[in-house]
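For reference, the structure is listed below as structure tokens.
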Amino acid sequence: MGDDRVVEIKAGYRLHLGFYRFYDHPYIYGSIGVSIDEPYISVLIRSSPTLEVRCNTKLCEELVTSLIKLLNVEGVDVEVRGFPYHHVGLGSRTRVLLTTYLALTNYLGVEPNLTRIDNLLGGRKISGVGVYSFLYGNLVVDSGLNVNDSSSHYPKLLYLYELPSNWYLIVVLPEGFKGLSEGEEADIIRNVEAFPKQELLYREFVRLLTSLSLKDFNIFTEALSNIQQLTGEYFSKYQGGMFAFEVSEELANLMRCGGIRGIGQSSWGPTIYGFTDSYAKALSMRSSILSYAERRGLKVRCWVTNVAGLGHQTSIYRLTA
């Protein structure tokens, strides 16, 4: 295969934009999400006399090692670069698994078997936006799960939309806080209930889809804000309000006062996001957030980014002497 090859798979993380359905028999849930350019993760595979795994978090190392065992790989160096923070609302577990799986199969010359994603992710998933945003980028909407179909391990792809390049995202991560892990959220997710405001949620979802087709920024951000508000109401008894952390709500209010729109919490937080159609405003807001955090003694990471047109990118190159 050539010992001087390096295979690199790079993928931006994902943001979960909320649910448009919780329980409407026979379907439960229904998610909206986007792939983003920043922050990102990349996995590099190269030949090595011994098996080497290099990650800067224990969970990342465990996930990579599990894939190596699954594929029975030997004699490779696996290096994970980028931003492998976990349980912060960026979908890192899915990104680490899929990026590493694709890098390993590419290096080995094996056709990736996407049906194995079920086994890779483990268990039945109530949201498919992590998988579909990795595969296709852009904004994705999944179907939710059909409770009468036990063979389905995660929802089907329902819609895929490309967002205008001048719609910018401000992604804010207050450091030192963790959202729920998959294990911790399991009982909450299983306890799905009918939502009294489901008709209103559907209405906002239709407005969101219309705005995406017409590229109407104002309606898009208004509908998204309302979906996030309703999603927050549904989960408020578990997280204490629309936001899981006071610091996230505090920073969201700062963004709102700065004219940022479509603000919401990704998954269980603490990551929050908002949209603007002005790059200058996005940069100004980032500066304001960092200055505010410094005054408050907060550690905050903040990115100005776009919705990614590609879920992942593949590079193959040769080592030079």
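Residue names in the structure tokens use chain letters A, B, ... in the order shown, residue numbers from 1 in each chain, and ligand numbers from 1 in the order shown.
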
Residues at most 9 Å from range 155-165 of chain A, counting only C-alpha atoms, excluding those fewer than 4 positions away in the same chain, as a PyMOL selection string?
chain A and resi 30-31+125-129+132+136-146+209+212-213+215+277+306-309

Can you write out the residues you just picked, keeping C-alpha atoms, as a PDB file, in the first residue's frame?
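Result saved to selection_33.pdb:
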ATOM      1  CA  GLY A  30     -37.326  14.927  14.911  1.00  0.00           C
ATOM      2  CA  SER A  31     -34.110  16.945  14.878  1.00  0.00           C
ATOM      3  CA  LYS A 125     -30.209   6.987  18.391  1.00  0.00           C
ATOM      4  CA  ILE A 126     -33.028   9.498  18.685  1.00  0.00           C
ATOM      5  CA  SER A 127     -31.197  12.051  16.550  1.00  0.00           C
ATOM      6  CA  GLY A 128     -29.564  11.500  13.183  1.00  0.00           C
ATOM      7  CA  VAL A 129     -28.148  14.991  12.701  1.00  0.00           C
ATOM      8  CA  TYR A 132     -26.104  13.210   8.351  1.00  0.00           C
ATOM      9  CA  TYR A 136     -23.513  15.657   3.788  1.00  0.00           C
ATOM     10  CA  GLY A 137     -22.661  18.881   5.627  1.00  0.00           C
ATOM     11  CA  ASN A 138     -25.065  21.835   5.443  1.00  0.00           C
ATOM     12  CA  LEU A 139     -28.312  21.919   7.429  1.00  0.00           C
ATOM     13  CA  VAL A 140     -30.005  18.578   7.946  1.00  0.00           C
ATOM     14  CA  VAL A 141     -33.407  17.547   9.246  1.00  0.00           C
ATOM     15  CA  ASP A 142     -34.122  13.986  10.298  1.00  0.00           C
ATOM     16  CA  SER A 143     -37.422  12.137  10.395  1.00  0.00           C
ATOM     17  CA  GLY A 144     -37.445  11.126  14.032  1.00  0.00           C
ATOM     18  CA  LEU A 145     -37.866   7.490  14.997  1.00  0.00           C
ATOM     19  CA  ASN A 146     -40.854   5.332  14.087  1.00  0.00           C
ATOM     20  CA  LEU A 209     -38.420  25.164   5.973  1.00  0.00           C
ATOM     21  CA  LEU A 212     -34.610  27.925   3.963  1.00  0.00           C
ATOM     22  CA  SER A 213     -36.130  27.444   0.517  1.00  0.00           C
ATOM     23  CA  LYS A 215     -33.183  32.110   1.753  1.00  0.00           C
ATOM     24  CA  ASP A 277     -25.788  38.105   8.038  1.00  0.00           C
ATOM     25  CA  ASN A 306     -20.080  29.177   8.553  1.00  0.00           C
ATOM     26  CA  VAL A 307     -22.342  26.226   8.057  1.00  0.00           C
ATOM     27  CA  ALA A 308     -20.048  23.743   6.310  1.00  0.00           C
ATOM     28  CA  GLY A 309     -20.873  22.840   2.726  1.00  0.00           C
TER      29      GLY A 309
END

Could you give me, as a ChimeraX atom specification, each residue of range 41-134 of chain A that DSSP assigns to strand (DSSP E or B) when run on this structure's backbone?
/A:41-47,52-54,76-82

If you keep C-alpha atoms, can you produce a file of those selected residues as a PDB file, in the first residue's frame?
ATOM      1  CA  ILE A  41     -11.414  17.570  14.276  1.00  0.00           C
ATOM      2  CA  SER A  42      -8.981  15.769  11.969  1.00  0.00           C
ATOM      3  CA  VAL A  43      -7.640  12.216  12.059  1.00  0.00           C
ATOM      4  CA  LEU A  44      -4.344  11.305  10.398  1.00  0.00           C
ATOM      5  CA  ILE A  45      -3.359   7.717   9.630  1.00  0.00           C
ATOM      6  CA  ARG A  46       0.203   6.746   8.707  1.00  0.00           C
ATOM      7  CA  SER A  47       2.331   3.617   8.809  1.00  0.00           C
ATOM      8  CA  GLU A  52       0.203   4.147  18.061  1.00  0.00           C
ATOM      9  CA  VAL A  53      -2.854   6.138  19.146  1.00  0.00           C
ATOM     10  CA  ARG A  54      -2.386   9.830  19.904  1.00  0.00           C
ATOM     11  CA  VAL A  76      -0.557   2.281  12.031  1.00  0.00           C
ATOM     12  CA  ASP A  77      -0.113   5.602  13.769  1.00  0.00           C
ATOM     13  CA  VAL A  78      -3.445   7.289  14.483  1.00  0.00           C
ATOM     14  CA  GLU A  79      -3.277  10.951  15.441  1.00  0.00           C
ATOM     15  CA  VAL A  80      -6.311  13.020  16.360  1.00  0.00           C
ATOM     16  CA  ARG A  81      -5.919  16.771  16.009  1.00  0.00           C
ATOM     17  CA  GLY A  82      -8.219  19.705  16.438  1.00  0.00           C
TER      18      GLY A  82
END

Find the distance between CA of Phe19 in chain A and CA of Met255 in chain A and write it in Å to one decimal.
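Between CA of Phe19 in chain A and CA of Met255 in chain A the gap works out to 22.2 Å.
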
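One distance worth recording is that between CA of Gln265 in chain A and CA of Tyr101 in chain A, which is 28.3 Å.
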
DSSP-assigned alpha helix (DSSP H) members of range 128-238 of chain A, reported as a VMD selection string:
chain A and resid 129 to 136 182 to 190 198 to 214 217 to 238

Name the residues in contact with Lys178 in chain A at a cut-off of 7 Å, using only C-alpha atoms, excluding same-chain residues fewer than 2 positions from it; report them as an MDAnalysis selection string.
chainID A and resid 87:88 176 180 270

Residues near Val172 in chain A, cut-off 10 Å, only C-alpha atoms, skip fewer than 5 positions along chain, as a list of chain:residue names:
A:Ser248, A:Leu251, A:Ala252, A:Met255, A:Gln265, A:Pro270, A:Thr271, A:Ile272, A:Tyr273, A:Gly274, A:Arg286, A:Ile289, A:Leu290, A:Val300, A:Arg301, A:Cys302, A:Trp303, A:Val304

Selection to disk with N, CA and C atoms, as a tab-separated table (two decimals), in the first residue's frame:
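Saved result, part.tsv, follows:
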chain	number	residue	atom	x	y	z
A	248	SER	N	-24.38	30.24	30.13
A	248	SER	CA	-24.81	30.18	28.74
A	248	SER	C	-25.92	31.18	28.47
A	251	LEU	N	-24.46	34.72	28.41
A	251	LEU	CA	-23.78	35.04	27.15
A	251	LEU	C	-24.78	35.15	26.00
A	252	ALA	N	-25.84	34.36	26.05
A	252	ALA	CA	-26.89	34.45	25.03
A	252	ALA	C	-27.56	35.82	25.08
A	255	MET	N	-25.35	38.31	23.44
A	255	MET	CA	-25.44	38.20	21.99
A	255	MET	C	-26.72	38.82	21.46
A	265	GLN	N	-29.20	26.95	22.30
A	265	GLN	CA	-28.25	26.04	22.96
A	265	GLN	C	-28.14	24.78	22.12
A	270	PRO	N	-22.73	23.21	27.26
A	270	PRO	CA	-22.98	24.65	27.44
A	270	PRO	C	-22.83	25.47	26.16
A	271	THR	N	-22.46	24.83	25.03
A	271	THR	CA	-22.26	25.57	23.79
A	271	THR	C	-23.55	26.25	23.35
A	272	ILE	N	-23.44	27.53	23.01
A	272	ILE	CA	-24.56	28.27	22.45
A	272	ILE	C	-24.12	28.86	21.11
A	273	TYR	N	-25.07	29.33	20.34
A	273	TYR	CA	-24.77	29.84	19.00
A	273	TYR	C	-25.79	30.92	18.64
A	274	GLY	N	-25.46	31.67	17.63
A	274	GLY	CA	-26.39	32.65	17.07
A	274	GLY	C	-25.96	32.99	15.66
A	286	ARG	N	-17.82	38.82	18.56
A	286	ARG	CA	-16.78	37.95	19.14
A	286	ARG	C	-15.89	38.75	20.08
A	289	ILE	N	-17.79	39.50	23.26
A	289	ILE	CA	-17.93	38.32	24.12
A	289	ILE	C	-16.63	38.05	24.88
A	290	LEU	N	-15.51	38.10	24.19
A	290	LEU	CA	-14.22	37.83	24.83
A	290	LEU	C	-13.89	38.90	25.86
A	300	VAL	N	-13.76	31.48	28.04
A	300	VAL	CA	-14.70	31.28	26.94
A	300	VAL	C	-13.94	31.09	25.64
A	301	ARG	N	-14.39	30.12	24.85
A	301	ARG	CA	-13.92	29.99	23.48
A	301	ARG	C	-15.03	30.49	22.56
A	302	CYS	N	-14.64	31.19	21.51
A	302	CYS	CA	-15.63	31.79	20.62
A	302	CYS	C	-15.12	31.74	19.19
A	303	TRP	N	-15.95	31.23	18.29
A	303	TRP	CA	-15.59	31.13	16.88
A	303	TRP	C	-16.61	31.87	16.02
A	304	VAL	N	-16.13	32.51	14.97
A	304	VAL	CA	-17.00	32.99	13.90
A	304	VAL	C	-16.82	31.99	12.76

Could you work out how far CA of Thr105 in chain A lies from CA of Leu310 in chain A, giving the answer in Å with one decimal?
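Computed distance, CA of Leu310 in chain A to CA of Thr105 in chain A, equals 19.2 Å.
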
Give me the residues near range 8-13 of chain A as a ChimeraX atom specification, where near means some atom within 7 Å (using only C-alpha atoms) and where sequence neighbours in that chain fewer than 6 positions away do not count.
/A:35-45,90-92,95,99,103,311-316

Write to file, as a PDB file, in the first residue's frame, the residues of the selection just made, with C-alpha atoms.
ATOM      1  CA  SER A  35     -22.301  21.002  10.262  1.00  0.00           C
ATOM      2  CA  ILE A  36     -19.899  23.876  10.963  1.00  0.00           C
ATOM      3  CA  ASP A  37     -16.427  24.733   9.701  1.00  0.00           C
ATOM      4  CA  GLU A  38     -15.042  25.659  13.148  1.00  0.00           C
ATOM      5  CA  PRO A  39     -14.183  24.094  15.501  1.00  0.00           C
ATOM      6  CA  TYR A  40     -13.063  20.937  13.749  1.00  0.00           C
ATOM      7  CA  ILE A  41     -11.414  17.570  14.276  1.00  0.00           C
ATOM      8  CA  SER A  42      -8.981  15.769  11.969  1.00  0.00           C
ATOM      9  CA  VAL A  43      -7.640  12.216  12.059  1.00  0.00           C
ATOM     10  CA  LEU A  44      -4.344  11.305  10.398  1.00  0.00           C
ATOM     11  CA  ILE A  45      -3.359   7.717   9.630  1.00  0.00           C
ATOM     12  CA  LEU A  90     -20.729  19.725  19.685  1.00  0.00           C
ATOM     13  CA  GLY A  91     -21.381  16.032  19.017  1.00  0.00           C
ATOM     14  CA  SER A  92     -17.738  15.034  19.518  1.00  0.00           C
ATOM     15  CA  ARG A  95     -17.409  12.987  15.020  1.00  0.00           C
ATOM     16  CA  THR A  99     -13.836  10.533  11.222  1.00  0.00           C
ATOM     17  CA  ALA A 103      -9.724   7.470   7.854  1.00  0.00           C
ATOM     18  CA  GLY A 311     -19.501  17.253   6.219  1.00  0.00           C
ATOM     19  CA  HIS A 312     -15.943  15.960   5.915  1.00  0.00           C
ATOM     20  CA  GLN A 313     -12.918  16.267   3.663  1.00  0.00           C
ATOM     21  CA  THR A 314     -10.365  13.638   2.633  1.00  0.00           C
ATOM     22  CA  SER A 315      -6.677  14.320   1.919  1.00  0.00           C
ATOM     23  CA  ILE A 316      -4.052  11.772   0.902  1.00  0.00           C
TER      24      ILE A 316
END

Nearest-residue call for Leu114 in chain A, choices A:Arg207, A:Thr100, A:Pro26, A:Val131, using only C-alpha atoms:
A:Val131

Of the listed residues A:Val110, A:Leu63, A:Arg318, A:Trp167, that which approaches Asp4 in chain A most closely, counting only C-alpha atoms
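The closest residue to Asp4 in chain A is A:Arg318.
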
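Closest approach to Leu173 in chain A from the set A:Phe220, A:Tyr85, A:Tyr238, A:Phe134 is made by A:Tyr85, with distances taken over only C-alpha atoms.
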
Give me the range 128-208 of chain A side of the contact with range 279-285 of chain A, cut-off 9 Å, one line per residue showing its nearest atom pair and distance in Å at one decimal, counting only C-alpha atoms, sorted by chain and residue number, as JSON lines.
{"residue": "A:Asn166", "atom": "CA", "partner": "A:Tyr279", "partner_atom": "CA", "distance": 7.4}
{"residue": "A:Trp167", "atom": "CA", "partner": "A:Tyr279", "partner_atom": "CA", "distance": 8.3}
{"residue": "A:Tyr168", "atom": "CA", "partner": "A:Tyr279", "partner_atom": "CA", "distance": 6.7}
{"residue": "A:Leu169", "atom": "CA", "partner": "A:Ala282", "partner_atom": "CA", "distance": 7.5}
{"residue": "A:Ile170", "atom": "CA", "partner": "A:Ala282", "partner_atom": "CA", "distance": 6.5}
